[in-house]
Structure formats: C-alpha cells, structure tokens
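Raw final-v9.csv, CSV, C-alpha atoms:
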chain,number,residue,atom,x,y,z
A,231,MET,CA,-21.0,7.8,-16.2
A,232,SER,CA,-19.0,10.2,-18.5
A,233,CYS,CA,-15.9,9.0,-20.3
A,234,GLU,CA,-13.7,11.2,-18.1
A,235,HIS,CA,-14.9,9.2,-15.0
A,236,TYR,CA,-14.8,5.8,-16.7
A,237,GLY,CA,-12.6,3.5,-14.7
A,238,LYS,CA,-12.5,5.7,-11.6
A,239,ILE,CA,-13.4,3.9,-8.3
A,240,ASP,CA,-15.8,6.7,-7.3
A,241,GLY,CA,-17.3,6.9,-10.9
A,242,GLY,CA,-17.1,10.7,-10.6
A,243,LYS,CA,-19.6,10.7,-7.7
A,244,ILE,CA,-19.8,14.1,-6.1
A,245,LEU,CA,-20.9,14.1,-2.4
A,246,SER,CA,-23.0,16.8,-0.6
A,247,ASP,CA,-19.8,18.8,0.2
A,248,GLY,CA,-19.2,19.3,-3.6
A,249,GLU,CA,-16.1,17.1,-3.7
A,250,ARG,CA,-15.5,13.7,-5.3
A,251,LEU,CA,-15.7,10.6,-3.1
A,252,PHE,CA,-12.0,9.6,-3.7
A,253,GLY,CA,-10.8,11.7,-6.5
A,254,GLN,CA,-9.2,11.4,-10.0
A,255,ASN,CA,-6.3,9.1,-9.1
A,256,LYS,CA,-8.1,6.1,-7.6
A,257,THR,CA,-8.9,3.8,-10.5
A,258,TRP,CA,-10.2,0.3,-10.9
A,259,LYS,CA,-7.2,-0.5,-12.9
A,260,GLY,CA,-5.0,0.2,-9.9
A,261,PHE,CA,-7.4,-1.3,-7.4
A,262,ILE,CA,-7.6,-4.6,-9.2
A,263,GLY,CA,-4.1,-4.5,-10.7
A,264,THR,CA,-2.4,-4.3,-7.4
A,265,PRO,CA,-3.7,-7.6,-6.0
A,266,VAL,CA,-3.2,-9.3,-9.4
A,267,ILE,CA,0.5,-8.1,-9.6
A,268,CYS,CA,1.0,-9.2,-6.0
A,269,MET,CA,-0.4,-12.7,-6.8
A,270,ILE,CA,2.2,-13.0,-9.5
A,271,VAL,CA,5.1,-11.5,-7.6
A,272,PHE,CA,4.6,-13.2,-4.2
A,273,PRO,CA,5.1,-16.7,-5.6
A,274,ILE,CA,8.4,-15.5,-7.1
A,275,TRP,CA,9.4,-14.3,-3.6
A,276,GLY,CA,8.4,-17.7,-2.2
A,277,PHE,CA,10.6,-19.4,-4.8
A,278,ILE,CA,13.6,-17.1,-4.0
A,279,CYS,CA,13.1,-17.9,-0.3
A,280,SER,CA,12.9,-21.6,-1.0
A,281,MET,CA,16.4,-21.5,-2.6
A,282,ASN,CA,17.9,-19.8,0.4
A,283,LYS,CA,17.1,-21.6,3.8
A,284,PRO,CA,18.4,-18.7,6.0
A,285,MET,CA,16.2,-16.3,4.1
A,286,LEU,CA,13.2,-18.7,4.3
A,287,SER,CA,13.6,-18.9,8.1
A,288,LEU,CA,13.6,-15.1,8.4
A,289,CYS,CA,10.5,-14.5,6.4
A,290,CYS,CA,7.6,-14.4,8.8
A,291,PHE,CA,5.1,-15.4,6.1
A,292,TYR,CA,6.6,-18.9,6.4
A,293,TRP,CA,6.8,-19.2,10.2
A,294,GLU,CA,3.3,-20.7,10.5
A,295,TYR,CA,2.5,-21.8,7.0
A,296,ASP,CA,4.3,-23.8,4.3
A,297,ASN,CA,5.9,-22.0,1.3
A,298,THR,CA,3.5,-23.4,-1.3
A,299,LEU,CA,2.4,-21.9,-4.6
A,300,LEU,CA,-1.3,-21.7,-3.5
A,301,TYR,CA,-0.4,-20.0,-0.2
A,302,ASN,CA,1.9,-17.5,-2.0
A,303,ILE,CA,-0.8,-16.7,-4.5
A,304,LEU,CA,-3.4,-16.2,-1.7
A,305,ILE,CA,-1.2,-14.1,0.6
A,306,GLY,CA,0.0,-12.1,-2.4
A,307,GLY,CA,-3.6,-11.3,-3.4
A,308,LEU,CA,-4.5,-10.4,0.2
A,309,ILE,CA,-1.5,-8.1,0.5
A,310,GLY,CA,-2.4,-6.4,-2.8
A,311,LEU,CA,-6.1,-6.0,-1.8
A,312,VAL,CA,-5.2,-4.6,1.7
A,313,TYR,CA,-2.7,-2.2,0.1
A,314,ALA,CA,-5.4,-0.9,-2.4
A,315,VAL,CA,-8.1,-0.7,0.2
A,316,LEU,CA,-6.0,1.2,2.7
A,317,GLU,CA,-5.2,3.9,0.1
A,318,LEU,CA,-8.8,4.9,0.0
A,319,PRO,CA,-9.5,6.4,3.5
A,320,ASN,CA,-6.7,9.0,3.1
A,321,SER,CA,-8.1,10.0,-0.3
A,322,TYR,CA,-11.6,10.3,1.2
A,323,ILE,CA,-10.5,12.5,4.1
A,324,LYS,CA,-8.4,14.7,1.8
A,325,ARG,CA,-11.4,15.2,-0.5
A,326,ARG,CA,-13.6,16.2,2.5
A,327,MET,CA,-10.9,18.8,3.4
A,328,GLY,CA,-10.9,20.2,-0.1
A,329,ILE,CA,-7.5,18.9,-1.0
A,330,ASN,CA,-7.4,18.0,-4.7
A,331,SER,CA,-6.1,14.6,-5.9
A,332,GLY,CA,-2.3,14.5,-6.0
A,333,LYS,CA,-2.0,17.8,-4.2
A,334,ARG,CA,-0.5,18.4,-0.8
A,335,ILE,CA,-1.0,21.1,1.9
A,336,ASN,CA,1.5,22.8,4.2
A,337,GLY,CA,1.6,23.1,8.0
A,338,VAL,CA,0.9,20.5,10.7
A,339,ILE,CA,-2.1,19.0,8.9
A,340,GLY,CA,-0.1,18.7,5.7
A,341,SER,CA,2.8,17.0,7.6
A,342,LEU,CA,0.4,14.5,9.1
A,343,PHE,CA,-1.0,13.7,5.7
A,344,LYS,CA,2.5,13.3,4.3
A,345,LEU,CA,3.4,10.9,7.1
A,346,TYR,CA,0.1,8.9,6.7
A,347,ASP,CA,0.7,8.8,2.9
A,348,GLN,CA,3.9,6.9,3.6
A,349,ILE,CA,2.5,4.4,6.1
A,350,ASP,CA,-1.2,3.9,5.3
A,351,SER,CA,-0.9,0.7,3.2
A,352,ILE,CA,2.2,-0.5,5.2
A,353,ILE,CA,-0.1,-0.7,8.3
A,354,GLY,CA,-2.3,-3.3,6.6
A,355,ILE,CA,0.5,-5.2,4.9
A,356,ILE,CA,2.3,-5.6,8.2
A,357,LEU,CA,-0.9,-6.6,9.9
A,358,ILE,CA,-1.1,-9.5,7.5
A,359,MET,CA,2.5,-10.3,8.4
A,360,VAL,CA,1.4,-10.3,12.1
A,361,LEU,CA,-1.5,-12.7,11.4
A,362,ALA,CA,0.4,-15.0,9.0
A,363,GLY,CA,3.6,-15.1,11.0
A,364,ASN,CA,2.4,-14.7,14.6
A,365,MET,CA,4.6,-11.6,14.9
A,366,PRO,CA,4.9,-9.8,18.2
A,367,LEU,CA,3.4,-6.3,18.5
A,368,VAL,CA,6.8,-4.6,19.0
A,369,MET,CA,7.9,-6.0,15.6
A,370,TYR,CA,4.7,-4.7,14.0
A,371,LEU,CA,5.5,-1.2,15.3
A,372,PHE,CA,9.1,-1.5,14.2
A,373,TYR,CA,8.1,-2.5,10.7
A,374,ILE,CA,5.7,0.3,10.3
A,375,ILE,CA,8.5,2.8,11.2
A,376,GLU,CA,11.0,1.0,9.0
A,377,GLY,CA,8.5,0.7,6.2
A,378,GLY,CA,7.7,4.4,6.3
A,379,ILE,CA,11.4,5.3,6.2
A,380,THR,CA,12.0,2.9,3.3
A,381,HIS,CA,9.0,4.4,1.4
A,382,VAL,CA,10.4,8.0,1.9
A,383,LEU,CA,13.9,6.9,0.8
A,384,LEU,CA,12.5,5.1,-2.3
A,385,ASN,CA,10.4,8.1,-3.3
A,386,CYS,CA,13.5,10.3,-2.9
A,387,LEU,CA,15.5,8.0,-5.1
A,388,LEU,CA,12.7,8.0,-7.7
A,389,TYR,CA,12.6,11.8,-7.5
A,390,GLY,CA,16.4,11.9,-8.0
A,391,LEU,CA,15.9,9.7,-11.1
A,392,ARG,CA,13.2,12.1,-12.3
A,393,LEU,CA,10.6,9.3,-12.2
A,394,ARG,CA,8.5,10.9,-9.5
A,395,GLU,CA,7.6,14.3,-8.1
A,396,CYS,CA,9.0,15.2,-4.7
A,397,ILE,CA,6.9,14.0,-1.8
A,398,LEU,CA,8.6,16.0,1.0
Turn the structure described in the file into structure tokens.
Amino acid sequence: MSCEHYGKIDGGKILSDGERLFGQNKTWKGFIGTPVICMIVFPIWGFICSMNKPMLSLCCFYWEYDNTLLYNILIGGLIGLVYAVLELPNSYIKRRMGINSGKRINGVIGSLFKLYDQIDSIIGIILIMVLAGNMPLVMYLFYIIEGGITHVLLNCLLYGLRLRECIL
C-alpha cells in the first residue's frame, strides 16, 4: 500500500470499473474514531439526562434500559459504528457512477444523492433508537425526516460560518 493510501478504508483498491472502492475521504481514523467519540459522548448525554427527570423520560434510549455507564458506552459505540458503516454504501455507489470523492452531480440523480447524504447514517441511528426504545414505526419515519432537515440546517450554519462547503 502506498503512503497516499495509508489509512484509507479501501487501501487505494481499484475495482474492475477503474474506480476506487470507497474513495479518498473514507479513512480508518474516521471509521474507528466515530464509535470511540460516541462511546465518550453518550455517557455524558446519559449523565445530563439523569440530572433532568423530564428529559430522561423523553429519551427513548432509557425507555427499556437503565441509564448506566456501561449501557451508555455500549449504545454510544453502536451508534458510532452504525453511523460509520452506513456512510460506506453511498460512497461505493458514487464511485461506481464515476463521481469523485467529495464531489456532487446535478439533476435528479444528484438531488437523490444529496438527500441520501443527509439521511444515510440517520436511518441507522434511529433504527437503534427503535430497537433500544421500542419506538413505533411512525416515530422512526418522523425522526428520519426531522434528522434530515436538522442535518441540512446544521450544514447551512457551518457554511455560513465558513466551516464547511455548501451542500445544497
């Protein structure tokens, strides 16, 4: 593996279509770092919820399971892992279509990819919420829509602060 591909999930592997498996932006640092960060942050969330009983009762992660340190570490790691894994199919499909890492295309296909980019990982995270909290399907669908909208608004804020390129 060359130095330029060191740390990349696909190791620079080129498939028969001449394109990389996932592309330049999918790294082991992000793939491993996301679950680790979530394993740190989720216990903090659990602590915050434990200090506010109404907030605790609204958080579906604690509907079926106790708010313990071990549970929060495990659920945080699972959320981070699912988030990282569900980023990969979109990258794979875009490489098969000849769309370079970090690039976007116009038209209907481009709009579908932009939409999917906003909800791909949210789908998995909310599925964990469904399983952990015994959440009804209608709430699952609502949270996917709400999560997608929140993701777009956050990206627009980051763009306004010049911390991110425009995603629209």
| message | Report as an MDAnalysis selection string all protein, DNA and RNA residues lying within 8 Å of segment 349-361 of chain A, evaluated on only C-alpha atoms, omitting residues in the same chain fewer than 2 positions from it. | response | chainID A and resid 290:291 309 312:317 320 345:347 363:367 370 373:374 377:378
| message | Please compute the atom CA of Glu376 of chain A-atom CA of Ala362 of chain A distance, one decimal, in Å. | response | 19.2 Å
| note | Here atom CA of Lys344 of chain A and atom CA of Leu371 of chain A stand apart by 18.4 Å
| query | What is the distance, in Å and to one decimal place, between atom CA of Ile303 of chain A and atom CA of Gly263 of chain A? | reply | 14.1 Å
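Closest to Glu249 of chain A among A:Met281, A:Ile329, A:Leu304, A:Leu311 is A:Ile329, based on all atoms listed in the file.
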| Could you name the residues that touch Gly260 of chain A at 10 Å or less, counting all atoms listed in the file, but leaving out those on the same chain fewer than 5 positions away, as a PyMOL selection string? | chain A and resi 237-239+255+265-267+314
| task | Find the residues near Ser246 of chain A: any atom within 12 Å, counting all atoms listed in the file, skip ones fewer than 3 places away on the same chain, and give them as a list in words. | result | Lys243, Glu249, Arg250, Leu251, Arg325 and Arg326 of chain A
| Out of A:Leu288, A:Ile305, A:Phe252, A:Cys386, which residue has the shortest atom-to-atom distance to Leu318 of chain A when counting only C-alpha atoms? |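 Of the candidates, the smallest distance to Leu318 of chain A is held by A:Phe252.
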Taking the structure I provided as the source, export segment 255-276 of chain A with N, CA, C and O atoms, as a PDB file, in the first residue's frame.
ATOM      1  N   ASN A 255     -11.946   9.942   0.867  1.00  0.00           N
ATOM      2  CA  ASN A 255     -12.409  10.535   2.127  1.00  0.00           C
ATOM      3  C   ASN A 255     -12.823   9.525   3.193  1.00  0.00           C
ATOM      4  O   ASN A 255     -13.167   9.931   4.308  1.00  0.00           O
ATOM      5  N   LYS A 256     -12.805   8.252   2.901  1.00  0.00           N
ATOM      6  CA  LYS A 256     -13.200   7.241   3.888  1.00  0.00           C
ATOM      7  C   LYS A 256     -11.937   6.655   4.510  1.00  0.00           C
ATOM      8  O   LYS A 256     -11.221   5.878   3.886  1.00  0.00           O
ATOM      9  N   THR A 257     -11.678   7.078   5.770  1.00  0.00           N
ATOM     10  CA  THR A 257     -10.445   6.680   6.443  1.00  0.00           C
ATOM     11  C   THR A 257     -10.741   5.820   7.668  1.00  0.00           C
ATOM     12  O   THR A 257     -11.833   5.877   8.241  1.00  0.00           O
ATOM     13  N   TRP A 258      -9.736   5.037   8.065  1.00  0.00           N
ATOM     14  CA  TRP A 258      -9.857   4.242   9.289  1.00  0.00           C
ATOM     15  C   TRP A 258      -9.943   5.154  10.498  1.00  0.00           C
ATOM     16  O   TRP A 258     -10.609   4.833  11.478  1.00  0.00           O
ATOM     17  N   LYS A 259      -9.274   6.301  10.424  1.00  0.00           N
ATOM     18  CA  LYS A 259      -9.327   7.254  11.534  1.00  0.00           C
ATOM     19  C   LYS A 259     -10.775   7.665  11.801  1.00  0.00           C
ATOM     20  O   LYS A 259     -11.222   7.656  12.949  1.00  0.00           O
ATOM     21  N   GLY A 260     -11.525   7.979  10.768  1.00  0.00           N
ATOM     22  CA  GLY A 260     -12.927   8.345  10.931  1.00  0.00           C
ATOM     23  C   GLY A 260     -13.800   7.162  11.288  1.00  0.00           C
ATOM     24  O   GLY A 260     -14.704   7.259  12.126  1.00  0.00           O
ATOM     25  N   PHE A 261     -13.510   6.010  10.667  1.00  0.00           N
ATOM     26  CA  PHE A 261     -14.320   4.813  10.891  1.00  0.00           C
ATOM     27  C   PHE A 261     -14.193   4.310  12.325  1.00  0.00           C
ATOM     28  O   PHE A 261     -15.166   3.873  12.931  1.00  0.00           O
ATOM     29  N   ILE A 262     -12.997   4.382  12.878  1.00  0.00           N
ATOM     30  CA  ILE A 262     -12.765   3.945  14.268  1.00  0.00           C
ATOM     31  C   ILE A 262     -13.042   5.091  15.242  1.00  0.00           C
ATOM     32  O   ILE A 262     -13.594   4.893  16.322  1.00  0.00           O
ATOM     33  N   GLY A 263     -12.691   6.305  14.839  1.00  0.00           N
ATOM     34  CA  GLY A 263     -12.860   7.461  15.707  1.00  0.00           C
ATOM     35  C   GLY A 263     -14.312   7.785  16.020  1.00  0.00           C
ATOM     36  O   GLY A 263     -14.626   8.194  17.146  1.00  0.00           O
ATOM     37  N   THR A 264     -15.195   7.579  15.059  1.00  0.00           N
ATOM     38  CA  THR A 264     -16.604   7.900  15.282  1.00  0.00           C
ATOM     39  C   THR A 264     -17.187   7.070  16.429  1.00  0.00           C
ATOM     40  O   THR A 264     -17.785   7.643  17.349  1.00  0.00           O
ATOM     41  N   PRO A 265     -17.057   5.738  16.426  1.00  0.00           N
ATOM     42  CA  PRO A 265     -17.568   4.981  17.578  1.00  0.00           C
ATOM     43  C   PRO A 265     -16.881   5.352  18.894  1.00  0.00           C
ATOM     44  O   PRO A 265     -17.541   5.439  19.935  1.00  0.00           O
ATOM     45  N   VAL A 266     -15.573   5.585  18.857  1.00  0.00           N
ATOM     46  CA  VAL A 266     -14.856   5.925  20.094  1.00  0.00           C
ATOM     47  C   VAL A 266     -15.372   7.246  20.661  1.00  0.00           C
ATOM     48  O   VAL A 266     -15.646   7.350  21.858  1.00  0.00           O
ATOM     49  N   ILE A 267     -15.532   8.243  19.818  1.00  0.00           N
ATOM     50  CA  ILE A 267     -16.054   9.533  20.283  1.00  0.00           C
ATOM     51  C   ILE A 267     -17.466   9.367  20.836  1.00  0.00           C
ATOM     52  O   ILE A 267     -17.801   9.925  21.885  1.00  0.00           O
ATOM     53  N   CYS A 268     -18.288   8.571  20.153  1.00  0.00           N
ATOM     54  CA  CYS A 268     -19.660   8.332  20.634  1.00  0.00           C
ATOM     55  C   CYS A 268     -19.663   7.585  21.966  1.00  0.00           C
ATOM     56  O   CYS A 268     -20.535   7.817  22.809  1.00  0.00           O
ATOM     57  N   MET A 269     -18.677   6.707  22.176  1.00  0.00           N
ATOM     58  CA  MET A 269     -18.577   5.985  23.453  1.00  0.00           C
ATOM     59  C   MET A 269     -18.204   6.929  24.591  1.00  0.00           C
ATOM     60  O   MET A 269     -18.475   6.643  25.757  1.00  0.00           O
ATOM     61  N   ILE A 270     -17.602   8.045  24.268  1.00  0.00           N
ATOM     62  CA  ILE A 270     -17.258   9.058  25.267  1.00  0.00           C
ATOM     63  C   ILE A 270     -18.429  10.023  25.476  1.00  0.00           C
ATOM     64  O   ILE A 270     -18.782  10.356  26.602  1.00  0.00           O
ATOM     65  N   VAL A 271     -19.039  10.438  24.379  1.00  0.00           N
ATOM     66  CA  VAL A 271     -20.087  11.462  24.440  1.00  0.00           C
ATOM     67  C   VAL A 271     -21.395  10.911  24.995  1.00  0.00           C
ATOM     68  O   VAL A 271     -22.088  11.601  25.763  1.00  0.00           O
ATOM     69  N   PHE A 272     -21.765   9.691  24.643  1.00  0.00           N
ATOM     70  CA  PHE A 272     -23.068   9.181  25.066  1.00  0.00           C
ATOM     71  C   PHE A 272     -23.196   9.047  26.581  1.00  0.00           C
ATOM     72  O   PHE A 272     -24.255   9.377  27.132  1.00  0.00           O
ATOM     73  N   PRO A 273     -22.171   8.623  27.312  1.00  0.00           N
ATOM     74  CA  PRO A 273     -22.282   8.651  28.781  1.00  0.00           C
ATOM     75  C   PRO A 273     -22.483  10.071  29.329  1.00  0.00           C
ATOM     76  O   PRO A 273     -23.173  10.260  30.334  1.00  0.00           O
ATOM     77  N   ILE A 274     -21.903  11.058  28.672  1.00  0.00           N
ATOM     78  CA  ILE A 274     -22.130  12.451  29.090  1.00  0.00           C
ATOM     79  C   ILE A 274     -23.605  12.800  28.899  1.00  0.00           C
ATOM     80  O   ILE A 274     -24.233  13.414  29.763  1.00  0.00           O
ATOM     81  N   TRP A 275     -24.162  12.370  27.749  1.00  0.00           N
ATOM     82  CA  TRP A 275     -25.595  12.575  27.495  1.00  0.00           C
ATOM     83  C   TRP A 275     -26.425  11.875  28.579  1.00  0.00           C
ATOM     84  O   TRP A 275     -27.385  12.449  29.097  1.00  0.00           O
ATOM     85  N   GLY A 276     -26.054  10.668  28.926  1.00  0.00           N
ATOM     86  CA  GLY A 276     -26.766   9.932  29.963  1.00  0.00           C
ATOM     87  C   GLY A 276     -26.712  10.659  31.303  1.00  0.00           C
ATOM     88  O   GLY A 276     -27.705  10.722  32.029  1.00  0.00           O
TER      89      GLY A 276
END
